[in-house]
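Next comes run.tsv, a file with TSV, C-alpha atoms and all ligand atoms.
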```tsv
chain	number	residue	atom	x	y	z
A	54	MET	CA	-2.59	-2.43	20.48
A	55	THR	CA	-2.11	0.57	18.18
A	56	LEU	CA	-0.85	1.61	14.74
A	57	TYR	CA	0.19	4.97	13.31
A	58	VAL	CA	-2.18	5.51	10.37
A	59	GLY	CA	-1.69	8.01	7.55
A	60	ASP	CA	-4.99	7.35	5.76
A	61	ILE	CA	-7.61	4.74	4.82
A	62	SER	CA	-9.45	4.90	1.49
A	63	PRO	CA	-12.06	2.63	-0.12
A	64	ASN	CA	-12.50	1.94	-3.86
A	65	VAL	CA	-8.82	1.99	-4.80
A	66	THR	CA	-8.01	0.21	-8.08
A	67	SER	CA	-4.38	1.19	-8.68
A	68	LEU	CA	-2.72	-0.67	-5.78
A	69	GLY	CA	-3.48	-4.32	-6.46
A	70	PRO	CA	-6.05	-6.52	-8.18
A	71	GLY	CA	-9.74	-5.61	-8.06
A	72	ASN	CA	-11.50	-3.03	-5.96
A	73	ARG	CA	-9.51	-2.51	-2.76
A	74	ILE	CA	-9.39	-0.70	0.53
A	75	ALA	CA	-6.01	1.00	0.97
A	76	LEU	CA	-4.41	1.59	4.37
A	77	TRP	CA	-1.30	3.78	4.60
A	78	LEU	CA	0.75	3.40	7.76
A	79	GLN	CA	3.01	6.16	9.09
A	80	GLY	CA	6.73	5.87	9.72
A	81	CYS	CA	9.63	4.84	7.49
A	82	THR	CA	13.36	5.09	8.10
A	83	LEU	CA	14.47	3.59	4.77
A	84	ASN	CA	14.58	6.92	2.95
A	85	CYS	CA	14.54	5.69	-0.66
A	86	PRO	CA	15.60	8.63	-2.88
A	87	GLY	CA	12.55	9.84	-4.85
A	88	CYS	CA	10.00	8.22	-2.50
A	89	MET	CA	6.42	9.26	-3.43
A	90	SER	CA	5.31	9.47	0.21
A	91	PRO	CA	7.82	11.47	2.27
A	92	GLU	CA	4.89	12.92	4.24
A	93	LEU	CA	4.52	9.44	5.78
A	94	PHE	CA	8.12	9.18	7.07
A	95	THR	CA	7.29	10.70	10.47
A	96	ARG	CA	4.87	9.21	12.99
A	97	ARG	CA	2.45	11.72	14.49
A	98	GLU	CA	0.92	11.05	17.90
A	99	SER	CA	-2.38	12.47	16.63
A	100	CYS	CA	-2.45	9.62	14.07
A	101	LEU	CA	-2.08	6.78	16.59
A	102	ARG	CA	-5.20	4.57	16.40
A	103	LYS	CA	-6.37	1.43	18.12
A	104	VAL	CA	-6.28	-1.70	15.97
A	105	GLU	CA	-9.93	-2.47	16.80
A	106	GLU	CA	-10.96	0.98	15.60
A	107	ILE	CA	-9.06	0.51	12.32
A	108	LEU	CA	-10.72	-2.89	11.90
A	109	ARG	CA	-14.18	-1.32	12.41
A	110	GLN	CA	-13.49	1.18	9.63
A	111	ILE	CA	-12.26	-1.58	7.29
A	112	LEU	CA	-15.37	-3.69	8.07
A	113	ALA	CA	-17.59	-0.74	7.24
A	114	PHE	CA	-15.89	-0.41	3.85
A	115	ALA	CA	-15.56	-4.16	3.14
A	116	PRO	CA	-18.73	-4.94	1.08
A	117	GLY	CA	-17.86	-4.68	-2.61
A	118	HIS	CA	-14.11	-4.92	-2.02
A	119	ARG	CA	-11.81	-7.77	-2.97
A	120	GLY	CA	-8.89	-6.94	-0.73
A	121	LEU	CA	-6.90	-4.69	1.55
A	122	THR	CA	-3.65	-3.08	0.39
A	123	ILE	CA	-1.28	-1.88	3.11
A	124	SER	CA	1.41	0.58	2.21
A	125	GLY	CA	3.28	3.35	3.89
A	126	GLY	CA	5.52	4.38	5.30
A	127	GLU	CA	7.01	0.98	6.01
A	128	PRO	CA	4.37	-1.46	7.32
A	129	PHE	CA	6.95	-3.86	8.80
A	130	GLN	CA	8.27	-1.11	11.09
A	131	GLN	CA	4.97	-1.56	12.97
A	132	ALA	CA	4.91	-5.36	12.73
A	133	VAL	CA	3.42	-6.09	16.16
A	134	GLY	CA	0.33	-3.91	15.66
A	135	LEU	CA	0.05	-5.01	12.04
A	136	ARG	CA	0.12	-8.70	13.01
A	137	ASN	CA	-2.80	-8.07	15.39
A	138	LEU	CA	-4.77	-6.18	12.75
A	139	LEU	CA	-4.25	-8.97	10.21
A	140	LEU	CA	-5.28	-11.64	12.72
A	141	LEU	CA	-8.57	-9.79	13.27
A	142	LEU	CA	-8.98	-9.23	9.54
A	143	ARG	CA	-8.64	-12.97	8.87
A	144	ARG	CA	-11.20	-13.71	11.59
A	145	TYR	CA	-13.84	-11.24	10.42
A	146	THR	CA	-13.40	-10.84	6.64
A	147	THR	CA	-12.49	-12.70	3.46
A	148	LEU	CA	-10.47	-9.75	2.11
A	149	ASP	CA	-7.13	-10.70	0.58
A	150	VAL	CA	-4.08	-8.81	1.83
A	151	LEU	CA	-1.46	-7.13	-0.35
A	152	LEU	CA	1.50	-5.54	1.44
A	153	TYR	CA	4.08	-3.10	0.09
A	154	SER	CA	7.47	-3.20	1.81
A	155	GLY	CA	10.80	-1.49	1.17
A	156	TYR	CA	12.56	-4.57	2.57
A	157	THR	CA	13.31	-7.62	0.44
A	158	LEU	CA	11.60	-10.90	1.31
A	159	ALA	CA	14.97	-12.34	2.43
A	160	GLU	CA	15.43	-9.40	4.84
A	161	LEU	CA	11.91	-9.84	6.20
A	162	ARG	CA	12.45	-13.56	6.74
A	163	LYS	CA	15.52	-12.79	8.87
A	164	GLY	CA	13.51	-10.34	11.01
A	165	PRO	CA	11.87	-10.82	14.42
A	166	PRO	CA	8.99	-13.33	14.86
A	167	GLU	CA	6.31	-10.67	14.43
A	168	MET	CA	7.56	-10.02	10.88
A	169	ALA	CA	7.24	-13.75	10.10
A	170	ALA	CA	3.73	-13.64	11.57
A	171	VAL	CA	2.78	-10.74	9.28
A	172	LEU	CA	4.17	-12.64	6.27
A	173	SER	CA	2.10	-15.70	7.24
A	174	LEU	CA	-1.05	-13.54	7.15
A	175	THR	CA	-0.22	-11.89	3.79
A	176	ASP	CA	-1.38	-13.08	0.36
A	177	PHE	CA	0.62	-10.78	-1.94
A	178	LEU	CA	3.86	-8.98	-1.08
A	179	ILE	CA	5.52	-6.37	-3.25
A	180	SER	CA	9.02	-6.13	-1.83
A	181	GLY	CA	12.19	-4.13	-2.22
A	182	PRO	CA	13.22	-0.50	-1.94
A	183	TYR	CA	11.98	2.06	-4.47
A	184	ARG	CA	14.73	2.74	-7.06
A	185	ARG	CA	14.00	5.80	-9.18
A	186	ASP	CA	16.84	4.79	-11.53
A	187	LEU	CA	14.95	1.58	-12.40
A	188	PRO	CA	11.58	2.65	-13.91
A	189	THR	CA	9.13	-0.13	-14.71
A	190	THR	CA	5.86	-0.89	-16.42
A	191	LYS	CA	5.26	-4.02	-14.30
A	192	PRO	CA	1.79	-3.81	-12.71
A	193	TYR	CA	1.60	-2.36	-9.20
A	194	ARG	CA	5.39	-2.01	-8.80
A	195	GLY	CA	7.15	1.33	-8.35
A	196	SER	CA	10.52	0.25	-9.74
A	197	ASP	CA	11.85	-2.68	-11.74
A	198	ASN	CA	13.75	-4.30	-8.84
A	199	GLN	CA	10.58	-4.77	-6.81
A	200	VAL	CA	9.20	-8.31	-6.73
A	201	LEU	CA	5.58	-9.51	-6.53
A	202	HIS	CA	5.43	-12.60	-4.29
A	203	PHE	CA	2.45	-14.96	-4.09
A	204	LEU	CA	2.72	-16.01	-0.45
A	205	SER	CA	-0.52	-17.90	0.25
A	206	PRO	CA	-2.17	-20.82	-1.59
A	207	ARG	CA	-5.02	-18.45	-2.51
A	208	ALA	CA	-2.54	-15.95	-3.99
A	209	GLN	CA	-0.65	-18.70	-5.83
A	210	LEU	CA	-3.91	-19.79	-7.48
A	211	ASP	CA	-4.61	-16.17	-8.45
A	212	GLY	CA	-1.11	-15.93	-9.87
A	213	LEU	CA	-1.69	-19.03	-12.02
A	214	THR	CA	-5.04	-17.80	-13.37
A	215	GLY	CA	-3.87	-14.23	-13.90
A	216	ASN	CA	-6.35	-12.84	-11.36
A	217	ALA	CA	-3.52	-11.31	-9.34
A	218	ILE	CA	-2.73	-8.96	-12.17
A	219	GLY	CA	-6.33	-8.31	-13.15
A	220	GLU	CA	-7.63	-5.84	-15.69
A	221	PRO	CA	-5.25	-3.09	-16.80
A	222	ALA	CA	-5.39	-0.81	-13.78
A	223	PRO	CA	-4.99	2.97	-13.70
A	224	SER	CA	-1.50	3.93	-12.58
A	225	LEU	CA	-2.79	6.97	-10.68
A	226	GLU	CA	-6.06	7.98	-9.04
A	227	VAL	CA	-6.65	11.57	-8.00
A	228	ARG	CA	-9.16	12.43	-5.27
A	229	ILE	CA	-10.18	15.62	-3.54
A	230	LYS	CA	-10.32	15.12	0.21
A	231	GLU	CA	-12.80	16.69	2.63
A	232	ASP	CA	-10.24	19.33	3.66
A	233	GLY	CA	-9.84	20.34	-0.03
A	234	SER	CA	-6.40	18.75	-0.47
A	235	LEU	CA	-5.59	16.44	-3.38
A	236	HIS	CA	-4.84	12.78	-2.66
A	237	ILE	CA	-2.83	11.09	-5.40
A	238	ILE	CA	-3.04	7.29	-5.13
A	239	GLY	CA	-1.06	4.72	-7.10
A	240	ILE	CA	2.24	4.15	-8.83
A	241	PRO	CA	3.20	6.83	-11.34
A	242	ARG	CA	4.64	5.57	-14.63
A	243	PRO	CA	7.45	7.54	-16.30
A	244	GLY	CA	5.96	10.87	-17.43
A	245	ASP	CA	2.71	10.49	-15.42
A	246	ARG	CA	3.57	13.20	-12.93
A	247	ALA	CA	4.37	15.73	-15.67
A	248	LYS	CA	1.10	14.84	-17.47
A	249	LEU	CA	-0.88	15.23	-14.25
A	250	ARG	CA	0.85	18.51	-13.40
A	251	ASN	CA	-0.04	19.89	-16.86
A	252	LEU	CA	-3.65	18.67	-16.71
A	253	LEU	CA	-4.15	20.29	-13.31
A	254	LEU	CA	-2.40	23.49	-14.39
A	255	GLN	CA	-4.87	23.75	-17.30
A	256	ARG	CA	-7.60	23.73	-14.62
A	257	GLY	CA	-5.85	26.35	-12.51
A	258	ILE	CA	-4.42	23.94	-9.90
A	259	GLU	CA	-0.68	23.92	-9.17
A	260	LEU	CA	0.92	20.86	-7.59
A	261	LYS	CA	3.40	21.80	-4.87
A	262	LYS	CA	5.54	18.61	-5.10
B	301	LIG	S1	10.25	2.06	1.86
B	301	LIG	FE1	8.51	2.99	0.82
B	301	LIG	S2	7.86	4.67	2.16
B	301	LIG	FE2	9.93	4.07	2.82
B	301	LIG	S3	11.27	5.46	1.70
B	301	LIG	FE3	11.12	3.58	0.48
B	301	LIG	S4	9.43	4.00	-0.98
B	301	LIG	FE4	9.28	5.52	0.68
```
Turn the structure described in the file into structure tokens.
Amino acid sequence: MTLYVGDISPNVTSLGPGNRIALWLQGCTLNCPGCMSPELFTRRESCLRKVEEILRQILAFAPGHRGLTISGGEPFQQAVGLRNLLLLLRRYTTLDVLLYSGYTLAELRKGPPEMAAVLSLTDFLISGPYRRDLPTTKPYRGSDNQVLHFLSPRAQLDGLTGNAIGEPAPSLEVRIKEDGSLHIIGIPRPGDRAKLRNLLLQRGIELKK
């Protein structure tokens, strides 16, 4: 079983509560205008990885992490491989699972059985297409229409105690990758991109998009 993977990063604090591992899957046909991740629309054969190999990398990162956030791309467009990864994750870790999807929960519930299986293995779901005309300050959401669902008993308890929202999180994290490229992680708030562009320009770095 395989998945198209864009990237995996540890120590991410802008995409869900606590310290998290983030997994970005490749491939999305939803084409939301203004999407932050158009580089993940297309699946590349060179990025196809075995589920067991992805699990090994997550296990190596797991100590010191509260959960795994899966974004994209559109995770549910690889629901069969994702279901298998989440089954293994449940067996071998206690990480909670937060999924981003451009589909609404109602759309996902009408989908094929593997989508229902993924939902049954998910704690938190942030659902709905990105709408750049609906900016928001709600934690972890890209636009105001998106909904945070507490799908598991564990997530519902976190929702009641406020742990699902956690400490005020940074909206963006900026990292320099091994190949020298910049990796911008998180959900930009209105004006964040302009601020970041200016800060980097002051240091002689120009953002291309
Ligand atoms: S669903 Fe997500 S990845 Fe796909 S276009 Fe919309 S915002 Fe971008």
Mind dumping a table of every chain A residue within 10 Å of ligand LIG 301 (chain B), with the nearest atom pair and its distance in Å to one decimal, using only C-alpha atoms and all ligand atoms, sorted by chain and rising number, as CSV?
```
residue,atom,partner,partner_atom,distance
A:Trp77,CA,B:LIG301,S2,9.5
A:Leu78,CA,B:LIG301,S2,9.1
A:Gln79,CA,B:LIG301,S2,8.6
A:Gly80,CA,B:LIG301,S2,7.7
A:Cys81,CA,B:LIG301,FE2,4.7
A:Thr82,CA,B:LIG301,FE2,6.4
A:Leu83,CA,B:LIG301,S3,4.8
A:Asn84,CA,B:LIG301,S3,3.8
A:Cys85,CA,B:LIG301,S3,4.0
A:Pro86,CA,B:LIG301,S3,7.1
A:Gly87,CA,B:LIG301,S4,7.7
A:Cys88,CA,B:LIG301,FE4,4.2
A:Met89,CA,B:LIG301,FE4,6.2
A:Ser90,CA,B:LIG301,FE4,5.6
A:Pro91,CA,B:LIG301,FE4,6.3
A:Glu92,CA,B:LIG301,S2,9.0
A:Leu93,CA,B:LIG301,S2,6.9
A:Phe94,CA,B:LIG301,S2,6.7
A:Ser124,CA,B:LIG301,FE1,7.6
A:Gly125,CA,B:LIG301,S2,5.1
A:Gly126,CA,B:LIG301,S2,3.9
A:Glu127,CA,B:LIG301,FE2,5.3
A:Pro128,CA,B:LIG301,S2,8.7
A:Phe129,CA,B:LIG301,S1,9.7
A:Gln130,CA,B:LIG301,FE2,9.9
A:Tyr153,CA,B:LIG301,FE1,7.6
A:Ser154,CA,B:LIG301,S1,5.9
A:Gly155,CA,B:LIG301,S1,3.7
A:Tyr156,CA,B:LIG301,S1,7.1
A:Ser180,CA,B:LIG301,S1,9.1
A:Gly181,CA,B:LIG301,S1,7.7
A:Pro182,CA,B:LIG301,FE3,5.2
A:Tyr183,CA,B:LIG301,S4,4.7
A:Arg184,CA,B:LIG301,S4,8.2
A:Arg185,CA,B:LIG301,S4,9.6
A:Gly195,CA,B:LIG301,S4,8.2
A:Ser196,CA,B:LIG301,S4,9.6
```
Excluding same-chain residues fewer than 3 positions from Ile179 (chain A), what lies within 12 Å of it counting only C-alpha atoms, as JSON, numbers by chain? {"A": [68, 69, 122, 123, 124, 127, 128, 150, 151, 152, 153, 154, 155, 156, 157, 158, 161, 172, 175, 176, 182, 183, 191, 192, 193, 194, 195, 196, 197, 198, 199, 200, 201, 202, 203, 204, 217]}
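In this model, the gap between CA of Gly71 (chain A) and CA of Phe177 (chain A) comes to 13.1 Å.
When CA of Ile238 (chain A) is paired with CA of Leu225 (chain A), their separation reads 5.6 Å.
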If you count all atoms listed in the file, which residues fall within 12 Å of Ala113 (chain A), apart from same-chain ones fewer than 6 positions away, as a PyMOL selection string? chain A and resi 61-63+74+106-107+145-146
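Compared by their closest atoms to Thr66 (chain A), and using only C-alpha atoms, the residues A:Gln110, A:Ser173, A:Ser224, A:Gln255 rank with A:Ser224 nearest.
With all atoms listed in the file as the atoms that count, the minimum distance from Ser67 (chain A) to the choices A:Ile237, A:Ala222, A:Leu253, A:Val227 is reached by A:Ala222.
Between CA of Leu174 (chain A) and CA of Ser205 (chain A) lies a distance of 8.2 Å.
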Residues near Val171 (chain A), cut-off 7 Å, only C-alpha atoms, skip fewer than 4 positions along chain, as a PyMOL selection string: chain A and resi 132+135-136+167+175
Polymer residues at most 10 Å from Glu105 (chain A), all atoms listed in the file, same-chain spacing of 6 or more positions, as a VMD selection string: chain A and resid 54 to 55 111 137 to 138 141 to 142
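Using all atoms listed in the file, the nearest neighbour of Leu121 (chain A) within the list A:Pro206, A:Pro188, A:Pro166, A:Pro70 is A:Pro70.
Closest to Asn216 (chain A) among A:Gly59, A:Arg119, A:Leu254, A:Cys100 is A:Arg119, based on all atoms listed in the file.
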Could you pull region 115-209 of chain A out of the structure I just pasted and write it to a file containing C-alpha atoms, as a PDB file, in the first residue's frame?
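selection_30.pdb was written with the following content:
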```pdb
ATOM      1  CA  ALA A 115       6.949  10.392  17.769  1.00  0.00           C
ATOM      2  CA  PRO A 116       8.640  10.923  21.202  1.00  0.00           C
ATOM      3  CA  GLY A 117       7.775  14.411  22.441  1.00  0.00           C
ATOM      4  CA  HIS A 118       4.850  14.825  20.055  1.00  0.00           C
ATOM      5  CA  ARG A 119       1.173  14.980  20.927  1.00  0.00           C
ATOM      6  CA  GLY A 120      -0.272  14.249  17.519  1.00  0.00           C
ATOM      7  CA  LEU A 121      -0.096  13.876  13.773  1.00  0.00           C
ATOM      8  CA  THR A 122      -1.623  16.475  11.447  1.00  0.00           C
ATOM      9  CA  ILE A 123      -2.369  15.360   7.895  1.00  0.00           C
ATOM     10  CA  SER A 124      -2.902  17.976   5.249  1.00  0.00           C
ATOM     11  CA  GLY A 125      -2.357  18.303   1.562  1.00  0.00           C
ATOM     12  CA  GLY A 126      -3.244  18.191  -1.129  1.00  0.00           C
ATOM     13  CA  GLU A 127      -6.502  16.463  -0.293  1.00  0.00           C
ATOM     14  CA  PRO A 128      -5.951  13.520   2.092  1.00  0.00           C
ATOM     15  CA  PHE A 129      -9.300  11.889   1.268  1.00  0.00           C
ATOM     16  CA  GLN A 130      -8.296  11.551  -2.398  1.00  0.00           C
ATOM     17  CA  GLN A 131      -5.907   8.840  -1.135  1.00  0.00           C
ATOM     18  CA  ALA A 132      -8.337   7.318   1.361  1.00  0.00           C
ATOM     19  CA  VAL A 133      -7.339   3.668   0.918  1.00  0.00           C
ATOM     20  CA  GLY A 134      -3.647   4.226   1.673  1.00  0.00           C
ATOM     21  CA  LEU A 135      -4.507   6.734   4.394  1.00  0.00           C
ATOM     22  CA  ARG A 136      -6.848   4.253   6.118  1.00  0.00           C
ATOM     23  CA  ASN A 137      -3.999   1.719   6.233  1.00  0.00           C
ATOM     24  CA  LEU A 138      -1.552   4.271   7.611  1.00  0.00           C
ATOM     25  CA  LEU A 139      -4.008   5.318  10.335  1.00  0.00           C
ATOM     26  CA  LEU A 140      -4.707   1.697  11.286  1.00  0.00           C
ATOM     27  CA  LEU A 141      -0.965   1.164  11.823  1.00  0.00           C
ATOM     28  CA  LEU A 142      -0.663   4.476  13.654  1.00  0.00           C
ATOM     29  CA  ARG A 143      -3.411   3.442  16.096  1.00  0.00           C
ATOM     30  CA  ARG A 144      -1.677   0.104  16.661  1.00  0.00           C
ATOM     31  CA  TYR A 145       1.797   1.484  17.328  1.00  0.00           C
ATOM     32  CA  THR A 146       1.348   4.994  18.775  1.00  0.00           C
ATOM     33  CA  THR A 147      -0.864   7.107  21.023  1.00  0.00           C
ATOM     34  CA  LEU A 148      -0.618  10.136  18.711  1.00  0.00           C
ATOM     35  CA  ASP A 149      -3.906  11.925  18.108  1.00  0.00           C
ATOM     36  CA  VAL A 150      -4.868  12.548  14.484  1.00  0.00           C
ATOM     37  CA  LEU A 151      -5.975  15.877  13.021  1.00  0.00           C
ATOM     38  CA  LEU A 152      -7.002  15.888   9.354  1.00  0.00           C
ATOM     39  CA  TYR A 153      -7.512  18.838   7.021  1.00  0.00           C
ATOM     40  CA  SER A 154      -9.965  18.269   4.176  1.00  0.00           C
ATOM     41  CA  GLY A 155     -11.442  20.495   1.479  1.00  0.00           C
ATOM     42  CA  TYR A 156     -14.624  18.391   1.600  1.00  0.00           C
ATOM     43  CA  THR A 157     -17.381  19.031   4.132  1.00  0.00           C
ATOM     44  CA  LEU A 158     -18.118  16.350   6.713  1.00  0.00           C
ATOM     45  CA  ALA A 159     -21.493  15.671   5.014  1.00  0.00           C
ATOM     46  CA  GLU A 160     -19.695  15.071   1.681  1.00  0.00           C
ATOM     47  CA  LEU A 161     -17.184  12.757   3.338  1.00  0.00           C
ATOM     48  CA  ARG A 162     -19.949  10.765   5.025  1.00  0.00           C
ATOM     49  CA  LYS A 163     -21.556  10.151   1.624  1.00  0.00           C
ATOM     50  CA  GLY A 164     -18.235   8.887   0.197  1.00  0.00           C
ATOM     51  CA  PRO A 165     -16.961   5.329  -0.296  1.00  0.00           C
ATOM     52  CA  PRO A 166     -16.370   3.027   2.731  1.00  0.00           C
ATOM     53  CA  GLU A 167     -12.661   3.858   2.915  1.00  0.00           C
ATOM     54  CA  MET A 168     -13.538   7.508   3.606  1.00  0.00           C
ATOM     55  CA  ALA A 169     -15.790   6.398   6.493  1.00  0.00           C
ATOM     56  CA  ALA A 170     -12.917   4.238   7.751  1.00  0.00           C
ATOM     57  CA  VAL A 171     -10.554   7.238   7.725  1.00  0.00           C
ATOM     58  CA  LEU A 172     -13.134   9.308   9.626  1.00  0.00           C
ATOM     59  CA  SER A 173     -13.459   6.539  12.233  1.00  0.00           C
ATOM     60  CA  LEU A 174      -9.677   6.725  12.825  1.00  0.00           C
ATOM     61  CA  THR A 175      -9.581  10.550  13.059  1.00  0.00           C
ATOM     62  CA  ASP A 176      -9.814  12.611  16.263  1.00  0.00           C
ATOM     63  CA  PHE A 177     -10.070  16.145  14.853  1.00  0.00           C
ATOM     64  CA  LEU A 178     -11.272  17.119  11.375  1.00  0.00           C
ATOM     65  CA  ILE A 179     -11.052  20.598   9.904  1.00  0.00           C
ATOM     66  CA  SER A 180     -13.396  20.459   6.942  1.00  0.00           C
ATOM     67  CA  GLY A 181     -14.542  22.558   4.030  1.00  0.00           C
ATOM     68  CA  PRO A 182     -12.944  24.242   1.039  1.00  0.00           C
ATOM     69  CA  TYR A 183     -10.603  27.210   1.514  1.00  0.00           C
ATOM     70  CA  ARG A 184     -12.497  30.466   0.806  1.00  0.00           C
ATOM     71  CA  ARG A 185     -10.180  33.445   0.464  1.00  0.00           C
ATOM     72  CA  ASP A 186     -13.213  35.767   0.615  1.00  0.00           C
ATOM     73  CA  LEU A 187     -13.946  34.539   4.158  1.00  0.00           C
ATOM     74  CA  PRO A 188     -10.864  35.377   6.290  1.00  0.00           C
ATOM     75  CA  THR A 189     -10.885  34.139   9.872  1.00  0.00           C
ATOM     76  CA  THR A 190      -9.076  34.344  13.169  1.00  0.00           C
ATOM     77  CA  LYS A 191     -10.438  30.971  14.349  1.00  0.00           C
ATOM     78  CA  PRO A 192      -7.520  28.763  15.465  1.00  0.00           C
ATOM     79  CA  TYR A 193      -6.088  26.383  12.856  1.00  0.00           C
ATOM     80  CA  ARG A 194      -8.688  27.238  10.184  1.00  0.00           C
ATOM     81  CA  GLY A 195      -7.811  28.847   6.853  1.00  0.00           C
ATOM     82  CA  SER A 196     -11.197  30.470   6.236  1.00  0.00           C
ATOM     83  CA  ASP A 197     -14.297  31.201   8.281  1.00  0.00           C
ATOM     84  CA  ASN A 198     -16.493  28.536   6.642  1.00  0.00           C
ATOM     85  CA  GLN A 199     -14.194  25.723   7.765  1.00  0.00           C
ATOM     86  CA  VAL A 200     -15.434  23.681  10.718  1.00  0.00           C
ATOM     87  CA  LEU A 201     -13.454  21.981  13.503  1.00  0.00           C
ATOM     88  CA  HIS A 202     -15.115  18.645  14.326  1.00  0.00           C
ATOM     89  CA  PHE A 203     -14.372  16.596  17.446  1.00  0.00           C
ATOM     90  CA  LEU A 204     -14.890  13.098  16.039  1.00  0.00           C
ATOM     91  CA  SER A 205     -13.597  10.761  18.766  1.00  0.00           C
ATOM     92  CA  PRO A 206     -14.420  10.557  22.504  1.00  0.00           C
ATOM     93  CA  ARG A 207     -10.829  11.624  23.209  1.00  0.00           C
ATOM     94  CA  ALA A 208     -11.224  14.690  20.970  1.00  0.00           C
ATOM     95  CA  GLN A 209     -14.618  15.530  22.491  1.00  0.00           C
TER      96      GLN A 209
END
```
